[in-house]
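This report refers to the structure that appears directly beneath it.
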Amino acid sequence: MSSLTKNAVCLHMMSLLDGLGKEEIRRSYFKARIKWLKEYVCNDPAIIIDSTGLPNSIKINMTQISSRNGKVSNEARMITAIQRDSGYPIMFRAIPGNIVGVIALSTTITTLAEYDIQTDLVMLDAGYVSLENMNSLFSSGIEFVARLPEKNKDIYNSVLAKGLDGLKRPENLVEFNRRYVYARQVDCSNDKHTAYAYLCYDVDASGDESHKAIKHSCKKKNSEREMHKLFETPGLFVIISSHPYQPDDILTIYYTRQLAERYFDISKGISRLTPLRVHKEQSVLGHMLLSQIAAAINLYVQKKMHSSFEDSEEMLMGLRNQNVSCMPAGL
């Protein structure tokens, strides 16, 4: 391909992404997508809300310094609402990288309502959990299930104080997806609302996290007392819910969130959400939309072909190798 042809293709792609990034185009797509989901898939109002970072060095307002999980980067963030029962993406919102998830939650639910999605249950990443957000969801009559982050120290420490003693008992052991988890319900109500916390100890995760702590401590040369403190919490996590569930049920519901991780794996993998190779905010939005369309198609193909192919890439590679020739009509 000549350099002139390459430049023409690049200009055409930039023009396409600019067009897809227009608000009216994105809104039109979301409306059509939601209509298709309701008519041909399901009308599930239970939503998974999660976000992913898109690291880049583009000089636009959306790219800001972000610090998450101890990692600092320049990035934009893409918040995606996913239908729980189908696993299909419904819509996305783009926010600057320095906006924390707790601020973006209410706007995302309001945006869903604008598209006639009357959310009745949300499954959230820990980054969206705050006392203010939980109170807002209670007031709106929206059920929620989420992992409680340790930064919510008052609630987190209260749950540990009430539930840790006697957690590792036979009656609390639950088998889930070939993993073993000790789980027990702990009340964490306040004067306004009744919530339910589930203190969990994942046996496999405990071993993995303890091993990481040992490797990390070798560099720091921690004392035995410091090592003992590091070994107290590996494998422990808290799920908080507005509705009471049996421990084995709450694990099934909570791990439905893995649909979001699977979606982002597809988006950032074969659907090429990253890296961003554009230079304008509108083009970034167009790129996000095109990647979401590609991810939705990939999910559809995977669902349709799962009985024949474990991997949709295997199927597509097989089709590419067919070397089919188009013959004139009438032969």
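How things are named: the first chain in the structure tokens is A, the next is B, and so on; residues count from 1 in each chain; ligands count from 1 in the order shown.
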- Exercise: segment 74-76 of chain A partners within 10 Å, only C-alpha atoms, chain neighbours under 6 positions left out, as a ChimeraX atom specification: /A:52-58,60-67,94-99,284
Selection above as a file: N, CA, C and O atoms, as an mmCIF file, in the first residue's frame:
data_model
loop_
_atom_site.group_PDB
_atom_site.id
_atom_site.type_symbol
_atom_site.label_atom_id
_atom_site.label_comp_id
_atom_site.auth_asym_id
_atom_site.auth_seq_id
_atom_site.Cartn_x
_atom_site.Cartn_y
_atom_site.Cartn_z
ATOM 1 N N THR A 52 -13.534 0.882 33.293
ATOM 2 C CA THR A 52 -12.161 0.510 32.974
ATOM 3 C C THR A 52 -11.393 1.747 32.540
ATOM 4 O O THR A 52 -11.977 2.693 31.995
ATOM 5 N N GLY A 53 -10.106 1.746 32.812
ATOM 6 C CA GLY A 53 -9.269 2.872 32.426
ATOM 7 C C GLY A 53 -8.711 2.695 31.029
ATOM 8 O O GLY A 53 -8.411 1.580 30.600
ATOM 9 N N LEU A 54 -8.579 3.812 30.309
ATOM 10 C CA LEU A 54 -8.002 3.813 28.968
ATOM 11 C C LEU A 54 -6.765 4.711 28.988
ATOM 12 O O LEU A 54 -6.843 5.913 28.709
ATOM 13 N N PRO A 55 -5.594 4.148 29.348
ATOM 14 C CA PRO A 55 -4.376 4.961 29.430
ATOM 15 C C PRO A 55 -4.024 5.584 28.081
ATOM 16 O O PRO A 55 -4.123 4.930 27.044
ATOM 17 N N ASN A 56 -3.638 6.844 28.113
ATOM 18 C CA ASN A 56 -3.256 7.523 26.874
ATOM 19 C C ASN A 56 -2.518 8.815 27.207
ATOM 20 O O ASN A 56 -2.487 9.251 28.361
ATOM 21 N N SER A 57 -1.941 9.419 26.187
ATOM 22 C CA SER A 57 -1.227 10.691 26.356
ATOM 23 C C SER A 57 -1.830 11.781 25.475
ATOM 24 O O SER A 57 -1.144 12.727 25.079
ATOM 25 N N ILE A 58 -3.106 11.647 25.160
ATOM 26 C CA ILE A 58 -3.787 12.617 24.297
ATOM 27 C C ILE A 58 -4.076 13.886 25.106
ATOM 28 O O ILE A 58 -4.538 13.807 26.249
ATOM 29 N N ILE A 60 -6.374 16.098 25.828
ATOM 30 C CA ILE A 60 -7.799 16.455 25.857
ATOM 31 C C ILE A 60 -8.247 16.496 27.314
ATOM 32 O O ILE A 60 -7.581 15.944 28.205
ATOM 33 N N ASN A 61 -9.381 17.157 27.564
ATOM 34 C CA ASN A 61 -9.868 17.301 28.940
ATOM 35 C C ASN A 61 -10.190 15.954 29.584
ATOM 36 O O ASN A 61 -10.143 15.810 30.809
ATOM 37 N N MET A 62 -10.543 14.966 28.762
ATOM 38 C CA MET A 62 -10.934 13.661 29.297
ATOM 39 C C MET A 62 -9.748 12.890 29.883
ATOM 40 O O MET A 62 -9.907 12.039 30.743
ATOM 41 N N THR A 63 -8.545 13.185 29.403
ATOM 42 C CA THR A 63 -7.343 12.507 29.901
ATOM 43 C C THR A 63 -6.802 13.255 31.112
ATOM 44 O O THR A 63 -6.381 14.402 31.008
ATOM 45 N N GLN A 64 -6.868 12.597 32.262
ATOM 46 C CA GLN A 64 -6.426 13.201 33.508
ATOM 47 C C GLN A 64 -5.619 12.187 34.311
ATOM 48 O O GLN A 64 -5.670 10.986 34.048
ATOM 49 N N ILE A 65 -4.892 12.692 35.310
ATOM 50 C CA ILE A 65 -4.092 11.802 36.161
ATOM 51 C C ILE A 65 -5.027 11.005 37.058
ATOM 52 O O ILE A 65 -5.895 11.551 37.734
ATOM 53 N N SER A 66 -4.846 9.702 37.043
ATOM 54 C CA SER A 66 -5.680 8.803 37.837
ATOM 55 C C SER A 66 -4.800 7.987 38.775
ATOM 56 O O SER A 66 -3.711 7.544 38.403
ATOM 57 N N SER A 67 -5.269 7.813 39.998
ATOM 58 C CA SER A 67 -4.565 6.959 40.958
ATOM 59 C C SER A 67 -5.549 5.922 41.485
ATOM 60 O O SER A 67 -6.449 6.234 42.252
ATOM 61 N N ALA A 94 -18.327 8.173 29.127
ATOM 62 C CA ALA A 94 -16.905 8.488 29.229
ATOM 63 C C ALA A 94 -16.730 9.612 30.236
ATOM 64 O O ALA A 94 -17.450 10.611 30.206
ATOM 65 N N ILE A 95 -15.793 9.418 31.158
ATOM 66 C CA ILE A 95 -15.525 10.449 32.169
ATOM 67 C C ILE A 95 -14.022 10.672 32.271
ATOM 68 O O ILE A 95 -13.231 9.803 31.900
ATOM 69 N N PRO A 96 -13.596 11.851 32.760
ATOM 70 C CA PRO A 96 -12.159 12.085 32.946
ATOM 71 C C PRO A 96 -11.569 11.083 33.937
ATOM 72 O O PRO A 96 -12.254 10.592 34.844
ATOM 73 N N GLY A 97 -10.289 10.800 33.754
ATOM 74 C CA GLY A 97 -9.637 9.784 34.582
ATOM 75 C C GLY A 97 -9.559 10.116 36.051
ATOM 76 O O GLY A 97 -9.403 9.217 36.883
ATOM 77 N N ASN A 98 -9.663 11.415 36.407
ATOM 78 C CA ASN A 98 -9.556 11.784 37.820
ATOM 79 C C ASN A 98 -10.900 11.791 38.542
ATOM 80 O O ASN A 98 -10.974 12.140 39.723
ATOM 81 N N ILE A 99 -11.987 11.424 37.859
ATOM 82 C CA ILE A 99 -13.304 11.345 38.507
ATOM 83 C C ILE A 99 -13.442 9.966 39.142
ATOM 84 O O ILE A 99 -13.297 8.946 38.479
ATOM 85 N N VAL A 284 -12.239 10.005 20.306
ATOM 86 C CA VAL A 284 -12.147 9.025 21.405
ATOM 87 C C VAL A 284 -13.517 8.423 21.673
ATOM 88 O O VAL A 284 -13.664 7.201 21.827
#
- Task: Can you check which residues of segment 123-166 of chain A DSSP gives as alpha helix (DSSP H) on the backbone and send them as a PyMOL selection string?
- Result: chain A and resi 131-140+153-163
For Ser206 of chain A: contacts at 9 Å, only C-alpha atoms, fewer than 2 positions along chain excluded, given as a compact mmCIF listing (two decimals) with C-alpha atoms, in the first residue's frame:
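part-v1.txt, written as the output of this step:
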# COMPACT_ATOMS: atom_id res chain seq x y z
CA TYR A 201 -12.91 -15.98 53.58
CA ASP A 202 -11.74 -17.38 50.25
CA VAL A 203 -9.39 -20.30 50.95
CA ASP A 204 -7.63 -20.18 47.54
CA ASP A 208 -2.28 -16.49 46.83
CA GLU A 209 -2.37 -13.24 48.83
CA SER A 210 -0.19 -14.67 51.62
CA HIS A 211 2.39 -15.76 49.04
CA PHE A 231 -1.29 -12.68 57.47
CA THR A 233 -6.48 -10.39 56.34
CA PRO A 234 -5.55 -12.35 53.16
CA GLY A 235 -8.62 -14.02 51.67
CA LEU A 236 -11.07 -11.88 53.65
- Write out as a PyMOL selection string the residues lying within 7 Å of segment 126-129 of chain A, counting only C-alpha atoms and excluding same-chain residues fewer than 2 positions away. chain A and resi 101-102+105+124+131+133-134+146-149
I want to know what sits within 9 Å of Phe144 of chain A, based on only C-alpha atoms, with residues of the same chain fewer than 6 positions away left out; could you give that as a PDB file with C-alpha atoms, in the first residue's frame?
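Okay, around-v3.pdb is ready:
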ATOM      1  CA  ASP A 120     -34.220  -2.335  40.090  1.00  0.00           C
ATOM      2  CA  LEU A 121     -30.918  -4.006  41.064  1.00  0.00           C
ATOM      3  CA  VAL A 122     -27.312  -2.923  40.575  1.00  0.00           C
ATOM      4  CA  MET A 123     -24.190  -5.016  41.058  1.00  0.00           C
ATOM      5  CA  LEU A 124     -21.276  -2.706  41.698  1.00  0.00           C
ATOM      6  CA  MET A 134     -25.897   3.343  49.407  1.00  0.00           C
ATOM      7  CA  LEU A 137     -29.944   3.658  46.264  1.00  0.00           C
ATOM      8  CA  PHE A 138     -32.093   2.900  49.324  1.00  0.00           C
ATOM      9  CA  ILE A 240     -22.839  -5.763  51.281  1.00  0.00           C
ATOM     10  CA  SER A 241     -26.437  -6.036  50.102  1.00  0.00           C
ATOM     11  CA  SER A 242     -29.748  -4.252  50.562  1.00  0.00           C
ATOM     12  CA  HIS A 243     -31.548  -7.627  50.550  1.00  0.00           C
TER      13      HIS A 243
END
- strand (DSSP E or B) per DSSP on the backbone: members of segment 42-144 of chain A, as a ChimeraX atom specification: /A:46-55,64-68,71-83,89-96,121-124,143-144
- Message: Using only C-alpha atoms, can you tell me which of A:Tyr198, A:Tyr254, A:Tyr88, A:Tyr29 comes closest to Val145 of chain A?
- Response: A:Tyr254
- Interatomic distance, atom CA of Ser158 of chain A to atom CA of Leu251 of chain A (Å, one decimal): 20.8 Å
- Note on the structure: With distances taken over only C-alpha atoms, the candidate from A:Thr108, A:Asn172, A:Gln185, A:Ser267 nearest Leu299 of chain A is A:Ser267
